[in-house]
Structures are given as structure tokens and as C-alpha cells.
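J.: This is the content of work_23.json (JSON, C-alpha atoms and all ligand atoms):
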[["chain", "number", "residue", "atom", "x", "y", "z"],
["A", 205, "MET", "CA", 4.42, -2.32, -27.85],
["A", 206, "LEU", "CA", 0.67, -2.13, -27.54],
["A", 207, "ILE", "CA", -1.11, 1.16, -27.06],
["A", 208, "THR", "CA", -4.64, 1.49, -25.77],
["A", 209, "PRO", "CA", -6.60, 4.70, -25.86],
["A", 210, "THR", "CA", -7.15, 6.91, -22.86],
["A", 211, "ARG", "CA", -10.11, 9.14, -22.36],
["A", 212, "GLU", "CA", -11.59, 10.81, -19.32],
["A", 213, "ASN", "CA", -14.67, 8.93, -18.05],
["A", 214, "LEU", "CA", -14.13, 6.00, -20.37],
["A", 215, "ASN", "CA", -15.01, 2.75, -18.64],
["A", 216, "LYS", "CA", -12.14, 0.53, -19.71],
["A", 217, "VAL", "CA", -12.58, -3.10, -18.69],
["A", 218, "VAL", "CA", -9.63, -5.41, -19.29],
["A", 219, "VAL", "CA", -10.08, -9.18, -19.22],
["A", 220, "LEU", "CA", -6.70, -10.68, -18.68],
["A", 221, "ASN", "CA", -4.88, -13.89, -17.83],
["A", 222, "PRO", "CA", -1.88, -15.19, -19.77],
["A", 223, "LYS", "CA", -3.35, -18.70, -19.54],
["A", 224, "GLY", "CA", -5.25, -19.72, -22.67],
["A", 225, "GLY", "CA", -8.70, -21.25, -22.36],
["A", 226, "CYS", "CA", -9.63, -19.74, -18.99],
["A", 227, "GLY", "CA", -12.58, -17.82, -20.45],
["A", 228, "LYS", "CA", -11.26, -14.38, -21.37],
["A", 229, "SER", "CA", -13.07, -14.16, -24.72],
["A", 230, "THR", "CA", -16.21, -15.71, -23.26],
["A", 231, "ILE", "CA", -16.34, -13.11, -20.51],
["A", 232, "ALA", "CA", -15.31, -10.20, -22.75],
["A", 233, "THR", "CA", -17.99, -10.96, -25.36],
["A", 234, "ASN", "CA", -20.68, -11.45, -22.71],
["A", 235, "LEU", "CA", -19.81, -8.15, -21.06],
["A", 236, "ALA", "CA", -19.87, -6.38, -24.45],
["A", 237, "ALA", "CA", -23.35, -7.84, -25.11],
["A", 238, "CYS", "CA", -24.53, -6.45, -21.75],
["A", 239, "TYR", "CA", -23.10, -3.00, -22.52],
["A", 240, "ALA", "CA", -24.71, -3.14, -25.99],
["A", 241, "GLN", "CA", -28.12, -2.90, -24.32],
["A", 242, "ARG", "CA", -27.28, 0.59, -23.12],
["A", 243, "ALA", "CA", -27.60, 3.94, -24.89],
["A", 244, "THR", "CA", -24.28, 3.98, -26.71],
["A", 245, "ALA", "CA", -22.62, 1.09, -28.47],
["A", 246, "PRO", "CA", -19.62, -0.38, -26.64],
["A", 247, "VAL", "CA", -16.28, -1.11, -28.24],
["A", 248, "ILE", "CA", -14.60, -4.47, -27.94],
["A", 249, "MET", "CA", -10.89, -4.56, -28.71],
["A", 250, "ASP", "CA", -9.32, -7.85, -29.58],
["A", 251, "TYR", "CA", -5.61, -7.98, -28.75],
["A", 252, "ASP", "CA", -5.43, -11.69, -29.45],
["A", 253, "PRO", "CA", -3.97, -12.57, -32.89],
["A", 254, "GLN", "CA", -6.32, -15.57, -32.89],
["A", 255, "GLY", "CA", -9.10, -12.99, -33.30],
["A", 256, "SER", "CA", -11.81, -15.12, -31.69],
["A", 257, "THR", "CA", -13.66, -12.09, -30.33],
["A", 258, "LEU", "CA", -13.82, -10.46, -33.76],
["A", 259, "ALA", "CA", -14.92, -13.77, -35.27],
["A", 260, "TRP", "CA", -17.76, -13.77, -32.68],
["A", 261, "LEU", "CA", -18.66, -10.25, -33.75],
["A", 262, "GLU", "CA", -18.78, -11.37, -37.38],
["A", 263, "ARG", "CA", -21.27, -14.09, -36.45],
["A", 264, "ARG", "CA", -23.42, -11.54, -34.63],
["A", 265, "PRO", "CA", -26.88, -11.24, -36.20],
["A", 266, "GLY", "CA", -27.58, -7.85, -37.78],
["A", 267, "GLU", "CA", -30.67, -7.20, -35.64],
["A", 268, "MET", "CA", -28.70, -7.34, -32.39],
["A", 269, "PRO", "CA", -27.58, -4.09, -30.71],
["A", 270, "THR", "CA", -24.36, -2.76, -32.19],
["A", 271, "ILE", "CA", -20.95, -3.58, -30.77],
["A", 272, "ASN", "CA", -17.96, -1.93, -32.45],
["A", 273, "GLY", "CA", -14.97, -4.21, -32.88],
["A", 274, "ILE", "CA", -11.35, -3.17, -33.23],
["A", 275, "ALA", "CA", -8.62, -5.58, -34.33],
["A", 276, "ALA", "CA", -6.02, -4.27, -31.90],
["A", 277, "PHE", "CA", -3.73, -7.22, -32.65],
["A", 278, "LYS", "CA", -3.22, -5.92, -36.19],
["A", 279, "LYS", "CA", -0.43, -3.42, -36.49],
["A", 280, "SER", "CA", -0.07, -1.30, -39.58],
["A", 281, "MET", "CA", 3.00, 0.69, -40.55],
["A", 282, "GLN", "CA", 0.78, 2.98, -42.64],
["A", 283, "ALA", "CA", -1.13, 4.52, -39.73],
["A", 284, "THR", "CA", -0.32, 5.67, -36.21],
["A", 285, "ARG", "CA", -1.29, 3.30, -33.44],
["A", 286, "SER", "CA", -3.81, 5.74, -31.98],
["A", 287, "TRP", "CA", -5.47, 6.03, -35.41],
["A", 288, "GLN", "CA", -5.72, 2.26, -35.67],
["A", 289, "LEU", "CA", -7.32, 2.11, -32.23],
["A", 290, "ARG", "CA", -9.67, 5.07, -32.69],
["A", 291, "MET", "CA", -13.14, 4.65, -31.26],
["A", 292, "PRO", "CA", -16.42, 6.48, -31.92],
["A", 293, "SER", "CA", -16.32, 9.70, -29.91],
["A", 294, "ASP", "CA", -19.41, 8.80, -27.83],
["A", 295, "THR", "CA", -17.97, 5.48, -26.62],
["A", 296, "GLU", "CA", -18.58, 5.00, -22.90],
["A", 297, "ASN", "CA", -17.65, 1.37, -22.44],
["A", 298, "LEU", "CA", -14.56, -0.36, -23.79],
["A", 299, "VAL", "CA", -13.93, -4.06, -23.24],
["A", 300, "ILE", "CA", -10.47, -5.45, -23.92],
["A", 301, "ASP", "CA", -9.89, -9.10, -24.69],
["A", 302, "SER", "CA", -6.24, -9.96, -24.25],
["A", 303, "PRO", "CA", -4.07, -12.73, -25.66],
["A", 304, "ALA", "CA", -2.39, -15.58, -23.87],
["A", 305, "GLY", "CA", 1.17, -14.77, -22.80],
["A", 306, "LEU", "CA", 1.52, -10.97, -22.67],
["A", 307, "ASN", "CA", 5.04, -9.65, -22.19],
["A", 308, "HIS", "CA", 5.66, -7.10, -19.44],
["A", 309, "ASP", "CA", 5.57, -4.06, -21.75],
["A", 310, "ASP", "CA", 2.28, -5.15, -23.25],
["A", 311, "LEU", "CA", 0.85, -5.92, -19.83],
["A", 312, "ARG", "CA", 1.63, -2.37, -18.71],
["A", 313, "GLU", "CA", 0.13, -0.89, -21.89],
["A", 314, "VAL", "CA", -3.08, -2.92, -21.89],
["A", 315, "THR", "CA", -3.82, -2.18, -18.25],
["A", 316, "ARG", "CA", -2.94, 1.53, -18.34],
["A", 317, "ASP", "CA", -5.92, 3.63, -17.23],
["A", 318, "ALA", "CA", -8.12, 0.56, -16.86],
["A", 319, "THR", "CA", -11.11, 1.17, -14.64],
["A", 320, "SER", "CA", -11.43, -2.57, -13.95],
["A", 321, "ILE", "CA", -9.28, -5.63, -14.54],
["A", 322, "LEU", "CA", -10.92, -9.05, -14.47],
["A", 323, "VAL", "CA", -8.89, -12.24, -14.16],
["A", 324, "PRO", "CA", -10.85, -15.38, -15.06],
["A", 325, "VAL", "CA", -9.61, -18.48, -13.27],
["A", 326, "LEU", "CA", -10.45, -22.14, -13.85],
["A", 327, "PRO", "CA", -10.61, -24.47, -10.86],
["A", 328, "SER", "CA", -7.49, -26.53, -11.48],
["A", 329, "HIS", "CA", -4.29, -26.43, -9.50],
["A", 330, "MET", "CA", -2.30, -25.35, -12.57],
["A", 331, "ASP", "CA", -4.73, -22.62, -13.49],
["A", 332, "ILE", "CA", -4.84, -21.25, -9.98],
["A", 333, "HIS", "CA", -1.05, -21.18, -9.89],
["A", 334, "ALA", "CA", -0.96, -19.38, -13.28],
["A", 335, "ALA", "CA", -3.57, -16.89, -12.03],
["A", 336, "SER", "CA", -1.45, -16.17, -8.95],
["A", 337, "ARG", "CA", 1.47, -15.38, -11.24],
["A", 338, "CYS", "CA", -0.75, -13.16, -13.34],
["A", 339, "ILE", "CA", -1.94, -11.30, -10.24],
["A", 340, "ALA", "CA", 1.65, -10.97, -9.04],
["A", 341, "ASP", "CA", 2.58, -9.40, -12.38],
["A", 342, "LEU", "CA", -0.38, -7.05, -12.27],
["A", 343, "LEU", "CA", 0.61, -5.84, -8.81],
["A", 344, "LEU", "CA", 4.36, -5.76, -9.28],
["A", 345, "VAL", "CA", 4.95, -5.18, -13.00],
["A", 346, "ALA", "CA", 1.86, -3.26, -14.11],
["A", 347, "LYS", "CA", 1.87, -1.51, -10.68],
["A", 348, "VAL", "CA", -1.81, -1.98, -10.12],
["A", 349, "ASP", "CA", -2.42, -0.76, -6.57],
["A", 350, "ARG", "CA", -4.70, -3.09, -4.60],
["A", 351, "ARG", "CA", -6.14, -0.08, -2.81],
["A", 352, "ASP", "CA", -7.56, 1.14, -6.14],
["A", 353, "ARG", "CA", -9.88, -1.86, -6.06],
["A", 354, "LYS", "CA", -9.69, -2.29, -9.83],
["A", 355, "LEU", "CA", -8.74, -5.90, -9.72],
["A", 356, "ALA", "CA", -11.13, -8.82, -9.34],
["A", 357, "VAL", "CA", -11.23, -12.52, -10.09],
["A", 358, "VAL", "CA", -14.03, -14.38, -11.84],
["A", 359, "ALA", "CA", -14.08, -18.09, -11.09],
["A", 360, "ASN", "CA", -15.01, -19.81, -14.34],
["A", 361, "ARG", "CA", -16.32, -23.24, -15.31],
["A", 362, "THR", "CA", -16.82, -24.30, -11.75],
["A", 363, "ARG", "CA", -18.59, -27.35, -10.53],
["A", 364, "LYS", "CA", -20.02, -27.39, -7.03],
["A", 365, "ASN", "CA", -17.74, -27.79, -4.02],
["A", 366, "THR", "CA", -14.49, -27.31, -5.87],
["A", 367, "LYS", "CA", -11.91, -27.69, -3.13],
["A", 368, "SER", "CA", -9.20, -25.72, -4.91],
["A", 369, "PHE", "CA", -11.45, -22.68, -5.08],
["A", 370, "GLY", "CA", -11.86, -22.59, -1.31],
["A", 371, "LYS", "CA", -8.09, -22.26, -1.05],
["A", 372, "LEU", "CA", -7.93, -19.69, -3.82],
["A", 373, "MET", "CA", -10.62, -17.66, -2.10],
["A", 374, "ARG", "CA", -8.70, -17.61, 1.20],
["A", 375, "PHE", "CA", -5.55, -16.56, -0.62],
["A", 376, "LEU", "CA", -7.26, -13.75, -2.54],
["A", 377, "ASP", "CA", -9.06, -12.70, 0.58],
["A", 378, "SER", "CA", -5.74, -12.22, 2.33],
["A", 379, "LEU", "CA", -4.78, -9.84, -0.50],
["A", 380, "GLY", "CA", -8.09, -8.03, -0.50],
["A", 381, "ILE", "CA", -8.85, -9.11, -4.08],
["A", 382, "PRO", "CA", -12.48, -10.12, -4.48],
["A", 383, "ILE", "CA", -13.91, -13.06, -6.39],
["A", 384, "ILE", "CA", -16.91, -11.21, -7.77],
["A", 385, "ALA", "CA", -18.68, -14.05, -9.56],
["A", 386, "VAL", "CA", -18.62, -17.80, -9.99],
["A", 387, "LEU", "CA", -19.64, -18.91, -13.48],
["A", 388, "ARG", "CA", -20.66, -22.52, -13.86],
["A", 389, "ASP", "CA", -19.60, -24.79, -16.64],
["A", 390, "SER", "CA", -22.58, -24.28, -18.92],
["A", 391, "GLN", "CA", -23.46, -24.96, -22.54],
["A", 392, "ASN", "CA", -25.27, -21.61, -22.55],
["A", 393, "PHE", "CA", -21.89, -19.88, -22.91],
["A", 394, "VAL", "CA", -20.87, -22.22, -25.73],
["A", 395, "GLN", "CA", -24.15, -21.77, -27.61],
["A", 396, "ALA", "CA", -24.15, -17.99, -27.18],
["A", 397, "ALA", "CA", -20.58, -17.88, -28.53],
["A", 398, "GLU", "CA", -21.58, -19.91, -31.58],
["A", 399, "LYS", "CA", -24.43, -17.52, -32.37],
["A", 400, "GLY", "CA", -22.43, -14.31, -31.91],
["A", 401, "VAL", "CA", -24.53, -13.20, -28.96],
["A", 402, "GLY", "CA", -24.16, -12.93, -25.20],
["A", 403, "ILE", "CA", -26.16, -15.04, -22.74],
["A", 404, "VAL", "CA", -28.04, -11.84, -21.91],
["A", 405, "GLU", "CA", -29.49, -12.12, -25.43],
["A", 406, "LEU", "CA", -30.69, -15.72, -25.00],
["A", 407, "GLN", "CA", -34.06, -16.68, -23.57],
["A", 408, "PRO", "CA", -33.92, -15.52, -19.90],
["A", 409, "SER", "CA", -35.65, -18.60, -18.47],
["A", 410, "ARG", "CA", -32.93, -20.78, -19.98],
["A", 411, "VAL", "CA", -29.94, -18.86, -18.70],
["A", 412, "ARG", "CA", -31.12, -17.54, -15.30],
["A", 413, "PRO", "CA", -28.33, -18.92, -13.05],
["A", 414, "ASP", "CA", -25.64, -17.83, -15.52],
["A", 415, "LEU", "CA", -27.22, -14.43, -15.98],
["A", 416, "ASP", "CA", -27.35, -13.90, -12.21],
["A", 417, "GLN", "CA", -23.57, -14.28, -12.06],
["A", 418, "LEU", "CA", -23.01, -12.11, -15.11],
["A", 419, "GLU", "CA", -25.15, -9.39, -13.52],
["A", 420, "LYS", "CA", -22.96, -9.61, -10.42],
["A", 421, "ILE", "CA", -19.95, -8.83, -12.61],
["A", 422, "MET", "CA", -21.80, -5.94, -14.28],
["A", 423, "ARG", "CA", -22.78, -4.47, -10.89],
["A", 424, "TRP", "CA", -19.19, -4.56, -9.71],
["A", 425, "LEU", "CA", -17.98, -3.02, -12.99],
["A", 426, "ASP", "CA", -20.64, -0.30, -12.88],
["A", 427, "ASN", "CA", -19.36, 0.70, -9.49],
["A", 428, "TRP", "CA", -16.02, 1.91, -10.91],
["A", 429, "PRO", "CA", -16.57, 5.65, -10.31],
["A", 430, "GLU", "CA", -17.28, 4.95, -6.60],
["A", 431, "ARG", "CA", -14.32, 2.61, -6.34],
["A", 432, "ARG", "CA", -12.10, 5.26, -7.90],
["A", 433, "ARG", "CA", -13.40, 7.98, -5.59],
["A", 434, "GLU", "CA", -13.03, 5.84, -2.48],
["A", 435, "SER", "CA", -9.50, 4.82, -3.39],
["A", 436, "SER", "CA", -8.49, 8.44, -3.89],
["A", 437, "ASP", "CA", -9.89, 9.15, -0.41],
["A", 438, "VAL", "CA", -7.72, 6.44, 1.11],
["A", 439, "THR", "CA", -4.60, 8.38, 1.91],
["A", 440, "GLY", "CA", -1.93, 7.95, 4.49],
["A", 441, "ILE", "CA", -1.95, 4.15, 4.34],
["A", 442, "ARG", "CA", 1.57, 3.04, 3.68],
["A", 443, "ARG", "CA", 1.92, 0.48, 0.96],
["A", 444, "ARG", "CA", 3.34, -2.68, 2.44],
["A", 445, "PRO", "CA", 6.37, -3.73, 0.40],
["A", 446, "PHE", "CA", 6.36, -7.33, -0.74],
["A", 447, "SER", "CA", 8.49, -9.38, -3.09],
["A", 448, "LYS", "CA", 7.35, -11.52, -5.97],
["A", 449, "VAL", "CA", 9.04, -14.56, -4.44],
["A", 450, "ALA", "CA", 7.20, -14.12, -1.13],
["A", 451, "PHE", "CA", 3.96, -13.48, -2.99],
["A", 452, "LEU", "CA", 4.21, -16.65, -5.07],
["A", 453, "ARG", "CA", 5.16, -18.68, -2.00],
["A", 454, "ARG", "CA", 2.00, -17.48, -0.28],
["A", 455, "SER", "CA", -0.08, -18.26, -3.36],
["A", 456, "GLN", "CA", 1.32, -21.79, -3.51],
["A", 457, "ALA", "CA", 0.61, -22.32, 0.15],
["A", 458, "GLY", "CA", -2.94, -21.15, -0.53],
["A", 459, "SER", "CA", -3.64, -23.23, -3.60],
["A", 460, "SER", "CA", -1.84, -26.49, -2.97],
["B", 501, "LIG", "N1", -18.43, -21.03, -18.23],
["B", 501, "LIG", "C1", -18.22, -21.78, -19.31],
["B", 501, "LIG", "N2", -18.96, -22.89, -19.54],
["B", 501, "LIG", "C2", -18.73, -23.69, -20.61],
["B", 501, "LIG", "N3", -17.76, -23.47, -21.52],
["B", 501, "LIG", "C3", -16.98, -22.36, -21.36],
["B", 501, "LIG", "C4", -17.16, -21.47, -20.25],
["B", 501, "LIG", "N4", -16.22, -20.48, -20.36],
["B", 501, "LIG", "C5", -15.51, -20.75, -21.46],
["B", 501, "LIG", "N5", -15.95, -21.87, -22.07],
["B", 501, "LIG", "C6", -15.41, -22.51, -23.28],
["B", 501, "LIG", "O1", -14.03, -22.76, -23.06],
["B", 501, "LIG", "C7", -13.27, -22.52, -24.22],
["B", 501, "LIG", "C8", -12.18, -21.46, -23.91],
["B", 501, "LIG", "O2", -12.82, -20.23, -23.55],
["B", 501, "LIG", "P1", -12.29, -18.83, -24.10],
["B", 501, "LIG", "O3", -13.24, -17.80, -23.63],
["B", 501, "LIG", "O4", -12.04, -18.91, -25.58],
["B", 501, "LIG", "O5", -10.90, -18.73, -23.32],
["B", 501, "LIG", "P2", -9.66, -17.73, -23.57],
["B", 501, "LIG", "O6", -10.17, -16.56, -24.33],
["B", 501, "LIG", "O7", -9.17, -17.38, -22.19],
["B", 501, "LIG", "O8", -8.63, -18.52, -24.32],
["B", 501, "LIG", "C9", -14.26, -22.05, -25.29],
["B", 501, "LIG", "O9", -14.59, -23.15, -26.08],
["B", 501, "LIG", "C10", -15.47, -21.59, -24.49],
["B", 501, "LIG", "O10", -16.68, -21.76, -25.19],
["B", 502, "MG", "MG", -9.51, -15.71, -26.18]]
How does the structure come out when it is put into C-alpha cells?
T.:
Amino acid sequence: MLITPTRENLNKVVVLNPKGGCGKSTIATNLAACYAQRATAPVIMDYDPQGSTLAWLERRPGEMPTINGIAAFKKSMQATRSWQLRMPSDTENLVIDSPAGLNHDDLREVTRDATSILVPVLPSHMDIHAASRCIADLLLVAKVDRRDRKLAVVANRTRKNTKSFGKLMRFLDSLGIPIIAVLRDSQNFVQAAEKGVGIVELQPSRVRPDLDQLEKIMRWLDNWPERRRESSDVTGIRRRPFSKVAFLRRSQAGSS
């Protein structure tokens, strides 16, 4: 079972989707690079045994702002899990990159006390279907309450006028889950990844459209204290029960 640390006022951002290749590590590393520009160094935890986020961190040039990396996928019998996952005491921002195919226990652990959960989705029918399943599991297995407004989708690698995304948007809209940014398919992300940097650390004139979308994500993430406060104010609304089967039927109707 995975354990992730809990701390009052820690901004814990989880990037999650059991589908490989949808852009989890790309988004996680780019968010970490944005947080690295702030006063305290962020932590990025890599739960993926492939370790691509830590490999990115190893490529990171020494003169770039510090990002602390933790190999959360490594489990040692010699130390307690909380010791293995210890972070510098002044850490304010934690970004979690998750592996493909999390089991239910791990899903619950990784998302516990998250301030925000981002689900990247590619614009193919199969990916949208997989994302619907992932969202169903977040709501029904990890018990993420939609009213907490922690959950958002990032459309990734889009080309203009993608028909499937229109359907996905209507479906998510009916659930009250926002699509907070639409990242285009861009070599800027590939080149930044190769250099161990985020697009925020590339020449601004080159990456403007991509940076605009990344900033949209950062604005939504930065709003977590307000989202938390507002959701705790929302009382008396009865949670509408729904079944996983009904949920997935609706998602298929939306994305087919
Ligand atoms: N917006 C994008 N534009 C271009 N390439 C992208 C974009 N997002 C991801 N990629 C590329 O797609 C591949 C898979 O992305 P990655 O972030 O590793 O996915 P995951 O972590 O979900 O498996 C990588 O080669 C990455 O560089
Ligand atoms: Mg990855």
C-alpha cells in the first residue's frame, strides 16, 4: 500500500490517470517547474516505477531553481514509509506523479488529503472512455466529493476542433467537473522534458500559447484554499446517489 504524507496547509497536487501516455509526467514536471519559481522549493514525488519524473530531475541543469525529488515507487524494508517519503519541513507545494494502473488501495492512498486532482485526457475515444472510468473510480472508490471541487480535467495534445472533446466537455459539465486547460500537441513540451526543465523555463516568446494554458492550470490550483472554504460552506445539499454502471453508461453516451 502506498502512503503519502499529510500536513496542514500543504498544497498536494495529484496528477492521475491509469492510462499511460496521457501526459501525467509532462504535466507534473511542468507544474513543479512553476512552483520552483516561488520562495520555497517544491517536492515532486514519483510513484511510477518507470521513474521518468526523477530521470527528468536528474537532467535538470544545476542553475535552475531547486525541485526536491522523492522516489515514492521505491519501498524499503529498512525504513518506515513515512521516513522514506519525508519532505523538507518548509515544503508548501507537493506534486505527485502517479503510475499507470493504480489499484483501488493505492488510488485511495495517493489521493488522500489532496488539495487538487488533475486528470489529463487525450482526445481519442479510448482515452476519453478510460478517463471516465478513472473519474468514476475517483468519485466512487477514492470517495472524492464533487462538491469539494478538487477534481479537474486537463485536455492534452489537442488539435483544433476535436469533436470528441466537445462530447467530453458536455459530459464533464453535467457532472460539474471543469476542464481547466487545453494543452496543444507541441514540441515545446518534448524539448523541455529532454532538457529537464519546464516550459516556463524556456524562452517566453517561443512558448506563449502553451504557457497561457499552463498558467490557467496554476491559477486554478492556487485557488485551493478558496475552493476548500467554499466547499465546507456548502452544507445541507444531499449527495445524489449514483451507481458506477449508470455513471459509465452516461460517460459512453457522452463520448461516443
Ligand atoms: N502536450 C504535449 N505535446 C507534445 N507531446 C506531449 C504532450 N504531452 C505529452 N507529450 C509526450 O507524450 C509522451 C507521453 O507523455 P507522459 O507525460 O510521459 O505521459 P504519462 O506520464 O501519462 O505516461 C511523452 O513522450 C511526452 O513528451
Ligand atoms: Mg509518466
J.: Go through region 355-419 of chain A and flag each residue having an atom no more than 8 Å from region 323-332 of chain A; for those, report the closest pair of atoms plus their distance in Å to one decimal, using all atoms listed in the file, ordered by chain and rising number, as JSON lines.
T.:
{"residue": "A:Leu355", "atom": "CA", "partner": "A:Val323", "partner_atom": "CA", "distance": 7.7}
{"residue": "A:Ala356", "atom": "CA", "partner": "A:Val323", "partner_atom": "CA", "distance": 6.3}
{"residue": "A:Val357", "atom": "CA", "partner": "A:Val323", "partner_atom": "CA", "distance": 4.7}
{"residue": "A:Val358", "atom": "CA", "partner": "A:Pro324", "partner_atom": "CA", "distance": 4.6}
{"residue": "A:Ala359", "atom": "CA", "partner": "A:Val325", "partner_atom": "CA", "distance": 5.0}
{"residue": "A:Asn360", "atom": "CA", "partner": "A:Leu326", "partner_atom": "CA", "distance": 5.1}
{"residue": "A:Arg361", "atom": "CA", "partner": "A:Leu326", "partner_atom": "CA", "distance": 6.1}
{"residue": "A:Thr362", "atom": "CA", "partner": "A:Pro327", "partner_atom": "CA", "distance": 6.3}
{"residue": "A:Thr366", "atom": "CA", "partner": "A:Pro327", "partner_atom": "CA", "distance": 6.9}
{"residue": "A:Ser368", "atom": "CA", "partner": "A:Pro327", "partner_atom": "CA", "distance": 6.2}
{"residue": "A:Phe369", "atom": "CA", "partner": "A:Pro327", "partner_atom": "CA", "distance": 6.1}
{"residue": "A:Leu372", "atom": "CA", "partner": "A:Ile332", "partner_atom": "CA", "distance": 7.1}
J.: Here is a test: counting all atoms listed in the file, which residue of A:Lys216, A:Arg285, A:His333, A:Lys223 is nearest to ligand MG 502 (chain B)?
T.: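 Smallest separation from ligand MG 502 (chain B) among the options: A:Lys223.
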J.: Kindly provide, as a ChimeraX atom specification, all nucleotide and amino acid residues lying within 7 Å of ligand LIG 501 (chain B), counting only C-alpha atoms and all ligand atoms.
T.: /A:223-231,304,360-361,387-391,393-394,397
J.: Write a file of the selected residues as an mmCIF file, keeping the file's coordinate frame, keeping C-alpha atoms.
T.:
data_model
loop_
_atom_site.group_PDB
_atom_site.id
_atom_site.type_symbol
_atom_site.label_atom_id
_atom_site.label_comp_id
_atom_site.auth_asym_id
_atom_site.auth_seq_id
_atom_site.Cartn_x
_atom_site.Cartn_y
_atom_site.Cartn_z
ATOM 1 C CA LYS A 223 -3.350 -18.700 -19.540
ATOM 2 C CA GLY A 224 -5.250 -19.720 -22.670
ATOM 3 C CA GLY A 225 -8.700 -21.250 -22.360
ATOM 4 C CA CYS A 226 -9.630 -19.740 -18.990
ATOM 5 C CA GLY A 227 -12.580 -17.820 -20.450
ATOM 6 C CA LYS A 228 -11.260 -14.380 -21.370
ATOM 7 C CA SER A 229 -13.070 -14.160 -24.720
ATOM 8 C CA THR A 230 -16.210 -15.710 -23.260
ATOM 9 C CA ILE A 231 -16.340 -13.110 -20.510
ATOM 10 C CA ALA A 304 -2.390 -15.580 -23.870
ATOM 11 C CA ASN A 360 -15.010 -19.810 -14.340
ATOM 12 C CA ARG A 361 -16.320 -23.240 -15.310
ATOM 13 C CA LEU A 387 -19.640 -18.910 -13.480
ATOM 14 C CA ARG A 388 -20.660 -22.520 -13.860
ATOM 15 C CA ASP A 389 -19.600 -24.790 -16.640
ATOM 16 C CA SER A 390 -22.580 -24.280 -18.920
ATOM 17 C CA GLN A 391 -23.460 -24.960 -22.540
ATOM 18 C CA PHE A 393 -21.890 -19.880 -22.910
ATOM 19 C CA VAL A 394 -20.870 -22.220 -25.730
ATOM 20 C CA ALA A 397 -20.580 -17.880 -28.530
#
J.: Could you please determine the separation between CA of Gly255 (chain A) and CA of Asp416 (chain A) in Å, to one decimal place?
T.: 27.9 Å
J.: Could you tell me which of A:Thr319, A:Ala275, A:Gln407, A:Gly305 comes closest to Glu430 (chain A) if we count only C-alpha atoms?
T.: A:Thr319
